[in-house]
Structures are given as structure tokens and as C-alpha cells.
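For reference, input29.txt (compact mmCIF, C-alpha atoms):
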# COMPACT_ATOMS: atom_id res chain seq x y z
CA MET A 1 -8.06 3.74 -19.26
CA GLY A 2 -7.46 1.11 -16.66
CA GLY A 3 -7.80 1.94 -13.01
CA SER A 4 -5.78 0.68 -10.13
CA TYR A 5 -6.81 0.90 -6.51
CA ALA A 6 -3.61 1.23 -4.51
CA LYS A 7 -4.25 0.36 -0.94
CA GLU A 8 -1.93 1.92 1.52
CA ASP A 9 -1.34 -0.47 4.29
CA LEU A 10 -4.39 -2.07 3.02
CA HIS A 11 -3.47 -4.51 5.30
CA CYS A 12 -5.82 -3.55 8.06
CA GLN A 13 -4.89 -3.06 11.71
CA THR A 14 -2.11 -5.44 12.76
CA LEU A 15 -0.82 -6.85 15.97
CA ARG A 16 2.63 -5.39 16.41
CA SER A 17 5.12 -8.02 17.33
CA THR A 18 8.83 -8.57 17.40
CA GLY A 19 8.44 -11.53 15.08
CA ALA A 20 9.14 -11.72 11.37
CA THR A 21 7.41 -9.05 9.34
CA PHE A 22 6.01 -11.69 7.00
CA GLY A 23 4.09 -13.31 9.87
CA ILE A 24 2.45 -10.30 11.46
CA TYR A 25 -1.29 -10.82 11.26
CA ILE A 26 -4.31 -8.55 11.47
CA THR A 27 -6.19 -8.04 14.73
CA GLU A 28 -9.90 -8.53 15.38
CA LYS A 29 -10.39 -4.86 14.45
CA GLY A 30 -8.31 -5.50 11.32
CA SER A 31 -10.63 -8.38 10.40
CA LYS A 32 -13.63 -6.06 10.75
CA GLN A 33 -11.86 -3.48 8.59
CA ALA A 34 -11.19 -6.17 5.95
CA LYS A 35 -14.90 -7.07 5.91
CA TYR A 36 -15.78 -3.39 5.65
CA LEU A 37 -13.60 -3.16 2.56
CA VAL A 38 -15.92 -5.65 0.88
CA ASP A 39 -18.75 -3.15 1.36
CA PHE A 40 -16.50 -0.25 0.35
CA PHE A 41 -15.82 -1.92 -3.00
CA SER A 42 -19.32 -3.33 -3.48
CA ASP A 43 -20.12 -0.91 -6.32
CA ALA A 44 -16.74 -1.21 -8.00
CA LYS A 45 -16.05 -3.63 -10.81
CA ILE A 46 -12.86 -5.48 -9.88
CA ASP A 47 -10.95 -7.57 -12.41
CA ARG A 48 -7.79 -8.47 -10.48
CA ILE A 49 -6.40 -8.48 -6.96
CA ILE A 50 -2.62 -8.36 -6.48
CA SER A 51 -1.11 -8.49 -3.00
CA SER A 52 2.12 -8.32 -1.10
CA PRO A 53 3.13 -11.79 0.12
CA PHE A 54 2.99 -10.57 3.75
CA LEU A 55 0.29 -12.34 5.78
CA ARG A 56 -1.33 -9.10 6.98
CA ALA A 57 -1.82 -7.92 3.39
CA ILE A 58 -3.30 -11.23 2.27
CA GLN A 59 -5.64 -11.44 5.29
CA SER A 60 -6.84 -7.91 4.62
CA VAL A 61 -7.98 -8.70 1.09
CA GLU A 62 -9.20 -12.29 1.57
CA PRO A 63 -12.84 -11.30 2.27
CA LEU A 64 -12.87 -9.20 -0.93
CA SER A 65 -11.32 -12.07 -2.85
CA GLU A 66 -13.95 -14.48 -1.54
CA LYS A 67 -16.84 -12.11 -2.24
CA THR A 68 -15.73 -11.35 -5.79
CA ASN A 69 -14.44 -14.86 -6.48
CA ILE A 70 -11.17 -13.35 -7.71
CA LYS A 71 -7.98 -15.20 -6.85
CA ILE A 72 -5.33 -13.16 -5.03
CA GLU A 73 -2.16 -12.89 -7.10
CA ILE A 74 0.98 -12.60 -4.95
CA ASP A 75 3.74 -10.29 -6.14
CA GLU A 76 6.98 -10.12 -4.14
CA ARG A 77 7.61 -6.61 -5.48
CA LEU A 78 4.76 -5.38 -3.28
CA SER A 79 6.57 -6.44 -0.09
CA GLU A 80 7.20 -3.70 2.43
CA ARG A 81 10.46 -1.89 2.00
CA THR A 82 13.33 -2.97 4.22
CA LEU A 83 14.83 0.18 5.70
CA SER A 84 17.73 -1.75 7.25
CA THR A 85 18.57 -5.23 8.45
CA THR A 86 20.14 -3.79 11.60
CA ASP A 87 18.21 -2.36 14.52
CA LEU A 88 17.74 1.38 14.07
CA PRO A 89 16.51 2.91 17.34
CA ASP A 90 16.02 6.17 15.44
CA TRP A 91 14.29 4.45 12.50
CA TYR A 92 11.66 7.18 12.26
CA GLU A 93 14.27 9.88 11.63
CA LYS A 94 16.14 7.55 9.27
CA LEU A 95 12.96 6.93 7.30
CA LYS A 96 12.34 10.67 7.10
CA GLU A 97 15.86 11.14 5.70
CA THR A 98 15.11 8.66 2.92
CA PHE A 99 12.19 10.77 1.74
CA ASN A 100 14.60 13.67 1.27
CA ASP A 101 17.45 11.62 -0.23
CA MET A 102 15.95 9.00 -2.51
CA LYS A 103 19.31 7.22 -2.90
CA LEU A 104 20.12 7.01 0.82
CA LYS A 105 20.53 3.41 1.86
CA PHE A 106 21.14 1.86 5.27
CA GLU A 107 22.83 -1.46 5.98
CA GLY A 108 20.95 -4.32 4.36
CA GLY A 109 18.11 -2.05 3.28
CA GLU A 110 16.98 -0.55 0.04
CA SER A 111 16.83 3.08 -0.96
CA SER A 112 13.57 4.88 -1.54
CA GLN A 113 14.40 4.95 -5.23
CA GLU A 114 14.90 1.17 -5.39
CA ALA A 115 11.64 0.50 -3.55
CA MET A 116 9.81 3.05 -5.68
CA ASN A 117 11.07 1.44 -8.87
CA ARG A 118 9.78 -2.02 -7.94
CA ILE A 119 6.26 -0.92 -7.00
CA VAL A 120 6.01 1.45 -9.97
CA ASN A 121 6.95 -1.49 -12.20
CA VAL A 122 3.98 -3.46 -10.83
CA VAL A 123 1.55 -0.59 -11.43
CA GLU A 124 2.92 0.17 -14.91
CA GLU A 125 2.53 -3.51 -15.83
CA VAL A 126 -1.08 -3.38 -14.65
CA PHE A 127 -1.75 -0.28 -16.75
CA LYS A 128 -0.15 -1.91 -19.82
CA SER A 129 -2.04 -5.17 -19.32
CA GLY A 130 -5.33 -3.53 -20.26
CA THR A 131 -7.00 -4.87 -17.13
CA GLU A 132 -9.60 -2.29 -16.23
CA ASN A 133 -9.72 -2.39 -12.42
CA THR A 134 -7.04 -3.92 -10.26
CA VAL A 135 -6.83 -3.82 -6.49
CA ILE A 136 -3.19 -3.64 -5.34
CA VAL A 137 -2.55 -4.41 -1.68
CA SER A 138 0.71 -3.33 -0.10
CA HIS A 139 2.26 -1.39 2.78
CA GLY A 140 2.55 2.20 3.93
CA ASN A 141 6.09 3.12 3.11
CA ILE A 142 6.22 1.58 -0.33
CA ILE A 143 2.75 2.82 -1.29
CA SER A 144 3.88 6.31 -0.23
CA LEU A 145 6.79 6.00 -2.63
CA LEU A 146 4.40 4.93 -5.39
CA LEU A 147 2.23 7.98 -4.76
CA MET A 148 5.31 10.21 -4.66
CA ASN A 149 6.26 8.90 -8.09
CA TYR A 150 3.00 10.25 -9.54
CA ASN A 151 2.78 13.36 -7.33
CA SER A 152 6.07 14.94 -6.26
CA ASP A 153 4.24 16.86 -3.50
CA PHE A 154 3.56 13.58 -1.70
CA ASP A 155 6.18 13.61 1.06
CA PHE A 156 7.03 12.28 4.51
CA GLU A 157 4.23 14.28 6.15
CA CYS A 158 1.75 12.79 3.69
CA TRP A 159 2.99 9.33 4.67
CA ARG A 160 2.49 10.23 8.35
CA ASN A 161 -1.09 11.30 7.64
CA LEU A 162 -2.18 8.12 5.90
CA SER A 163 -4.76 6.02 7.66
CA ASN A 164 -4.62 2.29 8.10
CA PRO A 165 -6.16 1.10 5.87
CA ASP A 166 -6.20 3.75 3.18
CA VAL A 167 -7.28 3.61 -0.45
CA PHE A 168 -6.08 5.62 -3.43
CA GLN A 169 -7.33 5.29 -6.96
CA LEU A 170 -4.78 5.65 -9.74
CA THR A 171 -6.23 6.13 -13.19
CA PHE A 172 -4.23 6.02 -16.40
CA THR A 173 -5.56 8.23 -19.18
CA LYS A 174 -3.81 9.69 -22.20
CA ASN A 175 -0.28 8.96 -20.97
CA ASP A 176 -1.00 10.52 -17.58
CA VAL A 177 -1.71 9.03 -14.17
CA ASN A 178 -4.29 10.72 -11.99
CA MET A 179 -4.29 10.01 -8.27
CA GLU A 180 -7.23 10.40 -5.89
CA ARG A 181 -7.69 9.38 -2.28
CA ILE A 182 -11.07 7.65 -2.14
CA TRP A 183 -10.97 6.35 1.42
CA GLN A 184 -12.92 8.24 4.06
CA GLU A 185 -11.38 7.19 7.37
CA GLU A 186 -14.20 8.57 9.49
CA THR A 187 -16.66 6.08 7.98
CA ILE A 188 -15.12 3.22 9.94
CA ILE A 189 -14.20 4.85 13.24
CA ASN A 190 -16.66 2.70 15.18
CA ILE A 191 -15.52 -0.63 13.79

Can the structure in the file be given as C-alpha cells, please?
Amino acid sequence: MGGSYAKEDLHCQTLRSTGATFGIYITEKGSKQAKYLVDFFSDAKIDRIISSPFLRAIQSVEPLSEKTNIKIEIDERLSERTLSTTDLPDWYEKLKETFNDMKLKFEGGESSQEAMNRIVNVVEEVFKSGTENTVIVSHGNIISLLLMNYNSDFDFECWRNLSNPDVFQLTFTKNDVNMERIWQEETIINI
């Protein structure tokens, strides 16, 4: 009966840089989006917040953590998926291929199946813990794989159509997981 709010790229808007992916931080707009998320969740009872260790994920959920007085738990398994450790000029096409071949793996990277397994493990542990409402903060590609695990129709095009941020609610009832997108992107267009 526990619920889990999976936040796709619920890191908010980031400044794209050539630096390390761990150090990319949210922009001024991203900070406003993070504050808006506090309002978005104002009527929700939240028991736990678990985040990717990436700075942009943590910064995106800090205002919610402060407002609810819930400490952010860091879980390495929520880190964004590494597609490859080598430069892939055609990374977009390579990523698309990995949605079709879950075992496809590029140099130094992990397959879609491997990434899916690690994030699903986090969510399954949350469901088994009995914690009612947990906010999970992660990144687009790996959250897409999580959603694909519970809905096989969720594909590359669905990933492309996610907003940043985006919020899905996963609810575990009677040995089944129900998935619902609860984020309404148009509500924050003017932020």
C-alpha cells in the first residue's frame, strides 16, 4: 500500500557543462522549479526522500527536504546511467538502440537491463519497507527504465516526451504496481 513518487529528472533545469556529471548544478530557473515542487507536494504526506548523489538531484529536492524536515537519503543506485565512458557523437541514436536491445552495452557503460535492475531494486526495497510515501529523485534515462519495468509500453518516445522535472506516482497494491504521471508541465511554464 505504500506509494513512491518517482521523479524523472527531478533534478530541475540544469546548466549544461562539459564538466563531471556529478557536479552539474541547477540553474536559477531550476531553483524556482525546486521551490515550486514544495508547493506541488504541499498536500502530500511524505515519509522519506531518497536521492541520486548527483548535485543537481540533491539541489532539486533540498527545498522539499527543508520544508518537510525530512533528511535526504543518498543512494548511489539512483545515479544516472552511464551510456559509455567514451565520447559518442551519435549518443542519441546509441541511447535509442539500448531501448530496443536491453542488453546492448557500449564501452565502459551499462546496459539498459543493468541500470533498470539497480533502480528497480531501490523501489522494491521501498515498497517492502512499509514506508507509505517516499519521494525518489533521479534522472531521465534511468527513471524511464524504471517506468518501462512496470509498463512495457513505456519506450524511447516516452522518454523523449518527459518534461524536466517530471513526477510519476508508483503505487503498490495487491502484488501489482500502478503507475500514474501526476505532473502537469503547463502549470510551471512561467517560472

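Counting only C-alpha atoms and comparing A:Cys158, A:Leu37, A:Met148, A:Ala115, the residue that lies closest to Met179 in chain A is A:Met148.
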
### Query
Interatomic distance between CA of Thr173 in chain A and CA of Arg81 in chain A?
28.4 Å

#### Entry: Separation of CA of Leu78 in chain A from CA of Ile50 in chain A, in Å and rounded to one decimal
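Going from CA of Leu78 in chain A over to CA of Ile50 in chain A covers 8.6 Å.
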
### Task
Could you check how far CA of Ala34 in chain A sits from CA of Ile142 in chain A, in Å to one decimal?
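We find that CA of Ala34 in chain A and CA of Ile142 in chain A lie 20.1 Å from each other.
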
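The residue that comes closest to Asn100 in chain A, out of A:Asn178, A:Ser152, A:Ser138, A:Ser163 and on the basis of only C-alpha atoms, is A:Ser152.
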
### Message
When you count all atoms listed in the file, which of these residues is closest to Asp166 in chain A: A:Trp91, A:Phe127, A:Tyr25, A:Phe40?
### Response
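Ranked by minimum distance to Asp166 in chain A, first place goes to A:Phe40.
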
### Query
Taking (4.9, 6.6, 0.0) in the file's coordinates as the center, which residues reach within 10 Å of it, counting all atoms listed in the file, put as an NGL selection string?
:A and (8 or 99 or 112 or 115-116 or 139-149 or 154-160 or 162)

Residue selection dump (C-alpha atoms) as a short mmCIF file (atom, residue, chain, number, x, y, z; two decimals), in the coordinates of the input:
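Written output follows (part.cif):
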data_model
loop_
_atom_site.label_atom_id
_atom_site.label_comp_id
_atom_site.auth_asym_id
_atom_site.auth_seq_id
_atom_site.Cartn_x
_atom_site.Cartn_y
_atom_site.Cartn_z
CA GLU A 8 -1.93 1.92 1.52
CA PHE A 99 12.19 10.77 1.74
CA SER A 112 13.57 4.88 -1.54
CA ALA A 115 11.64 0.50 -3.55
CA MET A 116 9.81 3.05 -5.68
CA HIS A 139 2.26 -1.39 2.78
CA GLY A 140 2.55 2.20 3.93
CA ASN A 141 6.09 3.12 3.11
CA ILE A 142 6.22 1.58 -0.33
CA ILE A 143 2.75 2.82 -1.29
CA SER A 144 3.88 6.31 -0.23
CA LEU A 145 6.79 6.00 -2.63
CA LEU A 146 4.40 4.93 -5.39
CA LEU A 147 2.23 7.98 -4.76
CA MET A 148 5.31 10.21 -4.66
CA ASN A 149 6.26 8.90 -8.09
CA PHE A 154 3.56 13.58 -1.70
CA ASP A 155 6.18 13.61 1.06
CA PHE A 156 7.03 12.28 4.51
CA GLU A 157 4.23 14.28 6.15
CA CYS A 158 1.75 12.79 3.69
CA TRP A 159 2.99 9.33 4.67
CA ARG A 160 2.49 10.23 8.35
CA LEU A 162 -2.18 8.12 5.90
#

### Distance criterion (all atoms listed in the file): nearest to Val167 in chain A out of A:Ile182, A:Glu124, A:Ser129, A:Leu64
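For Val167 in chain A, the nearest of the candidates is A:Ile182.
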
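Shortest separation to Glu62 in chain A among A:Ser42, A:Arg77, A:Gly108, A:Val137 occurs at residue A:Val137, atoms counted being only C-alpha atoms.
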
### Summary
Between A:Leu83, A:Val126, A:Ile26, A:Val38, smallest distance to Ala57 in chain A by all atoms listed in the file belongs to A:Ile26
